[in-house]
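S.K.: Here it is: the structure, laid out below.
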Amino acid sequence: MVVLDGKEVSNKVRASLIPRIEKFHEKVGRPPHLTVVIVGDDKASHVYVRNKKIACEKLGMTSSIHALPDTATQNELNTLLRELNNDAKVDGILVQFPLPKHLSSDEVLSVVSPEKDADGLTFKSLGYFFAGKPIVRPCTPEGVMTILKHYNIEVEGKRVVVVGRSNIVGKPMAHMLTEANATVTICHSKTKNLSQYTKEADLVVVAAGKAGLLGKEDFKKDAVVIDVGMHGSGQGGKLCGDVRFEELNGWVAAATPVPGGVGPMTITTLLQNTCLLAEKRARLF
Ligand code: NAP
């Protein structure tokens, strides 16, 4: 079984961004800039935000963090986002979810401009994307496509099952694979006899958010398995995915591990998207 190494792919993509960042800097007089908005003091979210800032800076991009208190109102948040939409020095905006309960993520997804939406998940960005005219593509599924491409895994004409239909992963994943000429079936929590579908597939992308949901018996021999799931409480408290990875060796052709598979590609695609948005606004191509 080939272990699809998301860290290796991620390093390659990040290295390819450096000359683009340098070119942008040279032409525009500053590097591309990602700004991250976080509301409240959820510790894990603050760690994610800090990691994104560090990742930007390692590549020579700049990043700023707008941390609003738990008491921030929807009006204050919307006002900040509109200011950032209009700030010429900001290329990408990312709002860290989840938000405190009194705030609406739907409003955030309506207010952030698609020209600055580094995650590719606002309603307008998704509209362009599903209409086949993407400004940027949603990070996690785009990261999966990059892994497939890196390992020369052809999807055209293949039978693919995507498990999950969220706006963040499942739906855009199914759309990207359809655009790449795969024949795609989407399964979800109301699918009866999930295994019957996954066992027929050449490629299965699992994004159900259920630790250890699928194992060897759910895949056909020599299938490719991409595990998007991420759970902090696997065996012994270790990070694990939706797939029982340890069962797959000797049965499937290739699979992503957790950690070290899809996860590293999500943040890399965020950096790539920020770079792309910066280049588009500066009309560098
Ligand atoms: P989500 O919004 O909870 O969506 C889960 C989807 O899976 C839903 O469509 C749900 O069906 C379906 N589902 C749930 N249980 C199922 C079952 N037993 N059989 C078949 N389908 C089932 O989650 P998400 O945001 O898409 O994320 C999915 C997983 O990916 C999570 O573990 C999340 O932490 C992880 N994730 C990882 C990354 C990364 O960078 N690696 C990025 C994003 C998300 P219904 O629609 O019927 O409810």
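We label chains A, B, ... in the order they appear in the structure tokens, count residues from 1 in each chain, and number ligands from 1 in the order shown.
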Compile the contact shell of region 279-281 of chain A as a PyMOL selection string: residues with an atom at most 8 Å away, counting only C-alpha atoms, same-chain residues fewer than 4 positions apart removed.

M.R.: chain A and resi 24+91+115+275+285

S.K.: Would you name the residues within 6 Å of ligand 1, counting only C-alpha atoms and all ligand atoms, and put them as a list in words?

M.R.: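 Taking only C-alpha atoms and all ligand atoms into account, the residues around ligand 1 at most 6 Å away are Thr140, Val163, Gly164, Arg165, Ser166, Ile168, Val169, Gly170, Cys187, His188, Ser189, Lys190, Ala207, Ala208, Gly209, Lys210, Val228, Gly229, Met230, His231, Val262, Gly263 and Thr266 of chain A.
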
S.K.: Which region 168-272 of chain A residues have any atom within 10 Å of an atom of region 3-17 of chain A, and for each, what is the nearest pair of atoms with distance in Å to one decimal, counting only C-alpha atoms, rows sorted by chain and number, as a tab-separated table?

M.R.:
```
residue	atom	partner	partner_atom	distance
A:Val224	CA	A:Leu4	CA	9.6
A:Val225	CA	A:Leu4	CA	9.4
A:Ile226	CA	A:Leu4	CA	8.6
A:Phe245	CA	A:Val3	CA	10.0
A:Asn249	CA	A:Val3	CA	9.1
A:Ala253	CA	A:Val3	CA	8.9
A:Ala254	CA	A:Val3	CA	5.8
A:Ala255	CA	A:Val3	CA	5.4
A:Thr256	CA	A:Leu4	CA	4.7
A:Pro257	CA	A:Val3	CA	6.9
A:Val258	CA	A:Gly6	CA	9.5
A:Pro259	CA	A:Gly6	CA	8.9
A:Gly260	CA	A:Gly6	CA	5.4
A:Gly261	CA	A:Gly6	CA	4.2
A:Val262	CA	A:Gly6	CA	5.7
A:Gly263	CA	A:Gly6	CA	7.3
A:Pro264	CA	A:Lys7	CA	5.8
A:Met265	CA	A:Ser10	CA	5.6
A:Thr266	CA	A:Ser10	CA	9.0
A:Ile267	CA	A:Ser10	CA	8.8
A:Thr268	CA	A:Ser10	CA	6.1
A:Thr269	CA	A:Val13	CA	8.5
A:Leu271	CA	A:Arg14	CA	8.0
A:Gln272	CA	A:Leu17	CA	6.9
```

S.K.: Keeping only C-alpha atoms, write the selected residues to a file as a PDB file, in the first residue's frame.

M.R.:
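Below you can see selection_32.pdb, which holds the result:
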```pdb
ATOM      1  CA  VAL A 224      -7.657   4.317  -3.074  1.00  0.00           C
ATOM      2  CA  VAL A 225      -8.839   5.685   0.276  1.00  0.00           C
ATOM      3  CA  ILE A 226      -8.682   9.333   1.302  1.00  0.00           C
ATOM      4  CA  PHE A 245      -5.924   2.938   8.651  1.00  0.00           C
ATOM      5  CA  ASN A 249      -2.057  -2.389   4.408  1.00  0.00           C
ATOM      6  CA  ALA A 253      -3.599   0.349  -3.239  1.00  0.00           C
ATOM      7  CA  ALA A 254      -3.080   3.672  -1.462  1.00  0.00           C
ATOM      8  CA  ALA A 255      -4.419   5.615   1.520  1.00  0.00           C
ATOM      9  CA  THR A 256      -3.867   8.818   3.464  1.00  0.00           C
ATOM     10  CA  PRO A 257      -2.869   8.483   7.120  1.00  0.00           C
ATOM     11  CA  VAL A 258      -4.216  10.636   9.971  1.00  0.00           C
ATOM     12  CA  PRO A 259      -2.260  12.628  10.986  1.00  0.00           C
ATOM     13  CA  GLY A 260      -0.043  13.468   8.023  1.00  0.00           C
ATOM     14  CA  GLY A 261      -2.533  13.026   5.169  1.00  0.00           C
ATOM     15  CA  VAL A 262      -5.207  15.563   4.227  1.00  0.00           C
ATOM     16  CA  GLY A 263      -4.644  17.812   7.291  1.00  0.00           C
ATOM     17  CA  PRO A 264      -1.363  19.440   6.197  1.00  0.00           C
ATOM     18  CA  MET A 265      -2.846  20.147   2.760  1.00  0.00           C
ATOM     19  CA  THR A 266      -5.726  22.224   4.111  1.00  0.00           C
ATOM     20  CA  ILE A 267      -3.476  24.933   5.517  1.00  0.00           C
ATOM     21  CA  THR A 268      -1.171  24.747   2.493  1.00  0.00           C
ATOM     22  CA  THR A 269      -4.142  25.337   0.199  1.00  0.00           C
ATOM     23  CA  LEU A 271      -1.684  29.816   1.698  1.00  0.00           C
ATOM     24  CA  GLN A 272      -1.999  28.980  -1.998  1.00  0.00           C
TER      25      GLN A 272
END
```

S.K.: Closest to Asp117 (chain A) among A:Met61, A:Val136, A:Val39, A:Ile153, using only C-alpha atoms?

M.R.: A:Val136

S.K.: Show me, as a VMD selection string, the residues that have an atom within 8 Å of Val108 (chain A) when counting only C-alpha atoms, minus same-chain residues fewer than 3 positions from it.

M.R.: chain A and resid 78 81 95 104 to 105 111 to 112 122

S.K.: Go ahead and write the selection's residues with N, CA and C atoms as a short mmCIF file (atom, residue, chain, number, x, y, z; two decimals), in the first residue's frame.

M.R.:
```
data_model
loop_
_atom_site.label_atom_id
_atom_site.label_comp_id
_atom_site.auth_asym_id
_atom_site.auth_seq_id
_atom_site.Cartn_x
_atom_site.Cartn_y
_atom_site.Cartn_z
N ASN A 78 -19.29 42.38 11.71
CA ASN A 78 -19.58 42.73 10.31
C ASN A 78 -18.82 44.00 9.90
N LEU A 81 -15.26 43.16 9.24
CA LEU A 81 -15.09 42.41 7.98
C LEU A 81 -15.23 43.34 6.78
N VAL A 95 -12.09 33.86 8.60
CA VAL A 95 -12.73 33.95 9.92
C VAL A 95 -12.67 32.56 10.54
N SER A 104 -23.61 34.78 14.06
CA SER A 104 -24.09 33.96 12.94
C SER A 104 -22.98 33.73 11.91
N SER A 105 -22.65 32.45 11.68
CA SER A 105 -21.64 32.16 10.65
C SER A 105 -22.21 32.48 9.27
N VAL A 111 -20.89 38.32 4.31
CA VAL A 111 -20.24 39.63 4.33
C VAL A 111 -18.84 39.61 3.69
N VAL A 112 -18.07 38.54 3.95
CA VAL A 112 -16.68 38.53 3.41
C VAL A 112 -16.72 38.51 1.88
N THR A 122 -17.33 31.24 1.38
CA THR A 122 -18.47 32.16 1.50
C THR A 122 -19.52 31.76 0.46
#
```

S.K.: I need the strand (DSSP E or B) residues of region 190-260 of chain A per DSSP on the backbone, written as number ranges by chain.

M.R.: A: 203-206, 214, 224-227, 231, 240, 243, 254-255

S.K.: Excluding Tyr48 (chain A) and any residue of its chain fewer than 4 positions from it, enumerate the residues within 12 Å of it, using only C-alpha atoms, and give them as a compact mmCIF listing (two decimals) with all heavy atoms, in the first residue's frame.

M.R.:
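Here's the written file around.txt:
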```txt
# COMPACT_ATOMS: atom_id res chain seq x y z
N VAL A 36 -6.51 37.11 9.77
CA VAL A 36 -7.38 36.11 10.39
C VAL A 36 -8.17 36.78 11.50
O VAL A 36 -7.63 37.52 12.32
CB VAL A 36 -6.55 34.94 10.98
CG1 VAL A 36 -7.48 33.86 11.52
CG2 VAL A 36 -5.61 34.37 9.95
N VAL A 37 -9.48 36.54 11.48
CA VAL A 37 -10.36 37.11 12.51
C VAL A 37 -10.80 35.99 13.43
O VAL A 37 -11.28 34.94 12.97
CB VAL A 37 -11.59 37.78 11.85
CG1 VAL A 37 -12.54 38.32 12.91
CG2 VAL A 37 -11.14 38.90 10.91
N ILE A 38 -10.63 36.21 14.72
CA ILE A 38 -11.05 35.20 15.70
C ILE A 38 -11.86 35.89 16.79
O ILE A 38 -11.51 36.99 17.21
CB ILE A 38 -9.83 34.44 16.26
CG1 ILE A 38 -10.28 33.40 17.27
CG2 ILE A 38 -8.75 35.34 16.84
CD1 ILE A 38 -9.23 32.36 17.61
N ASP A 42 -11.52 30.50 22.69
CA ASP A 42 -11.36 29.06 22.54
C ASP A 42 -9.87 28.75 22.28
O ASP A 42 -9.28 29.23 21.31
CB ASP A 42 -12.23 28.57 21.37
CG ASP A 42 -12.07 27.08 21.16
OD1 ASP A 42 -12.56 26.33 22.01
OD2 ASP A 42 -11.45 26.68 20.16
N LYS A 43 -9.30 27.95 23.19
CA LYS A 43 -7.83 27.74 23.14
C LYS A 43 -7.39 27.07 21.84
O LYS A 43 -6.43 27.51 21.21
CB LYS A 43 -7.39 26.88 24.33
CG LYS A 43 -7.26 27.67 25.62
CD LYS A 43 -6.22 27.00 26.55
CE LYS A 43 -6.05 27.82 27.82
NZ LYS A 43 -7.11 27.60 28.81
N ALA A 44 -8.11 26.01 21.44
CA ALA A 44 -7.72 25.27 20.23
C ALA A 44 -7.75 26.20 19.03
O ALA A 44 -6.84 26.20 18.19
CB ALA A 44 -8.64 24.08 20.01
N LYS A 52 -1.48 29.25 11.54
CA LYS A 52 -1.67 29.80 10.19
C LYS A 52 -0.76 31.02 9.99
O LYS A 52 -0.16 31.19 8.93
CB LYS A 52 -3.14 30.19 9.98
CG LYS A 52 -4.02 28.97 9.76
CD LYS A 52 -5.49 29.26 9.88
CE LYS A 52 -6.26 27.94 9.88
NZ LYS A 52 -7.66 28.07 10.29
N LYS A 53 -0.67 31.84 11.03
CA LYS A 53 0.20 33.03 10.95
C LYS A 53 1.66 32.61 10.75
O LYS A 53 2.36 33.13 9.88
CB LYS A 53 0.04 33.86 12.24
CG LYS A 53 0.79 35.17 12.25
CD LYS A 53 0.34 35.99 13.45
CE LYS A 53 1.17 37.19 13.80
NZ LYS A 53 1.84 37.94 12.83
N ILE A 54 2.09 31.63 11.53
CA ILE A 54 3.48 31.16 11.42
C ILE A 54 3.73 30.59 10.02
O ILE A 54 4.76 30.87 9.39
CB ILE A 54 3.78 30.10 12.51
CG1 ILE A 54 3.76 30.75 13.89
CG2 ILE A 54 5.13 29.41 12.27
CD1 ILE A 54 3.75 29.77 15.05
N ALA A 55 2.76 29.80 9.51
CA ALA A 55 2.91 29.18 8.18
C ALA A 55 3.07 30.27 7.11
O ALA A 55 3.90 30.15 6.21
CB ALA A 55 1.71 28.29 7.87
N ILE A 65 -3.61 39.15 12.96
CA ILE A 65 -4.73 38.51 13.67
C ILE A 65 -5.59 39.60 14.31
O ILE A 65 -5.07 40.48 15.01
CB ILE A 65 -4.19 37.56 14.77
CG1 ILE A 65 -3.34 36.45 14.14
CG2 ILE A 65 -5.35 36.98 15.58
CD1 ILE A 65 -2.65 35.54 15.15
N LEU A 94 -9.72 35.35 6.61
CA LEU A 94 -10.21 34.07 7.10
C LEU A 94 -10.86 34.31 8.46
O LEU A 94 -10.25 34.94 9.32
CB LEU A 94 -9.03 33.12 7.27
CG LEU A 94 -9.41 31.81 7.91
CD1 LEU A 94 -9.46 30.74 6.84
CD2 LEU A 94 -8.44 31.40 8.97
N VAL A 95 -12.09 33.86 8.60
CA VAL A 95 -12.73 33.95 9.92
C VAL A 95 -12.67 32.56 10.54
O VAL A 95 -13.12 31.57 9.93
CB VAL A 95 -14.19 34.43 9.80
CG1 VAL A 95 -14.83 34.52 11.18
CG2 VAL A 95 -14.23 35.79 9.10
N GLN A 96 -12.07 32.48 11.72
CA GLN A 96 -11.91 31.18 12.37
C GLN A 96 -13.25 30.74 12.96
O GLN A 96 -13.84 31.44 13.77
CB GLN A 96 -10.84 31.30 13.47
CG GLN A 96 -10.51 30.00 14.16
CD GLN A 96 -9.80 29.00 13.24
OE1 GLN A 96 -8.96 29.38 12.42
NE2 GLN A 96 -10.16 27.74 13.36
N PHE A 97 -13.70 29.56 12.54
CA PHE A 97 -14.92 28.97 13.10
C PHE A 97 -14.52 27.91 14.11
O PHE A 97 -13.41 27.36 14.00
CB PHE A 97 -15.76 28.34 11.99
CG PHE A 97 -16.44 29.35 11.10
CD1 PHE A 97 -16.76 29.03 9.78
CD2 PHE A 97 -16.75 30.62 11.56
CE1 PHE A 97 -17.38 29.95 8.95
CE2 PHE A 97 -17.37 31.55 10.74
CZ PHE A 97 -17.69 31.21 9.43
N PRO A 98 -15.32 27.53 15.09
CA PRO A 98 -16.67 28.04 15.31
C PRO A 98 -16.66 29.41 15.99
O PRO A 98 -15.73 29.75 16.70
CB PRO A 98 -17.26 26.98 16.24
CG PRO A 98 -16.10 26.40 16.98
CD PRO A 98 -14.94 26.48 16.04
N GLY A 263 -4.79 16.66 6.38
CA GLY A 263 -4.64 17.81 7.29
C GLY A 263 -3.62 18.84 6.83
O GLY A 263 -3.96 20.02 6.67
N THR A 266 -4.68 21.20 3.96
CA THR A 266 -5.73 22.22 4.11
C THR A 266 -5.08 23.59 4.33
O THR A 266 -5.42 24.57 3.65
CB THR A 266 -6.66 21.85 5.28
OG1 THR A 266 -7.30 20.63 4.95
CG2 THR A 266 -7.72 22.92 5.51
N ILE A 267 -4.12 23.64 5.22
CA ILE A 267 -3.48 24.93 5.52
C ILE A 267 -2.59 25.38 4.34
O ILE A 267 -2.53 26.56 4.00
CB ILE A 267 -2.72 24.88 6.87
CG1 ILE A 267 -2.13 26.23 7.23
CG2 ILE A 267 -1.67 23.83 6.93
CD1 ILE A 267 -1.91 26.36 8.72
```

S.K.: Please, what distance in Å, to one decimal, runs between CA of Gly40 (chain A) and CA of Asp87 (chain A)?

M.R.: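 These atoms are spaced 23.4 Å apart.
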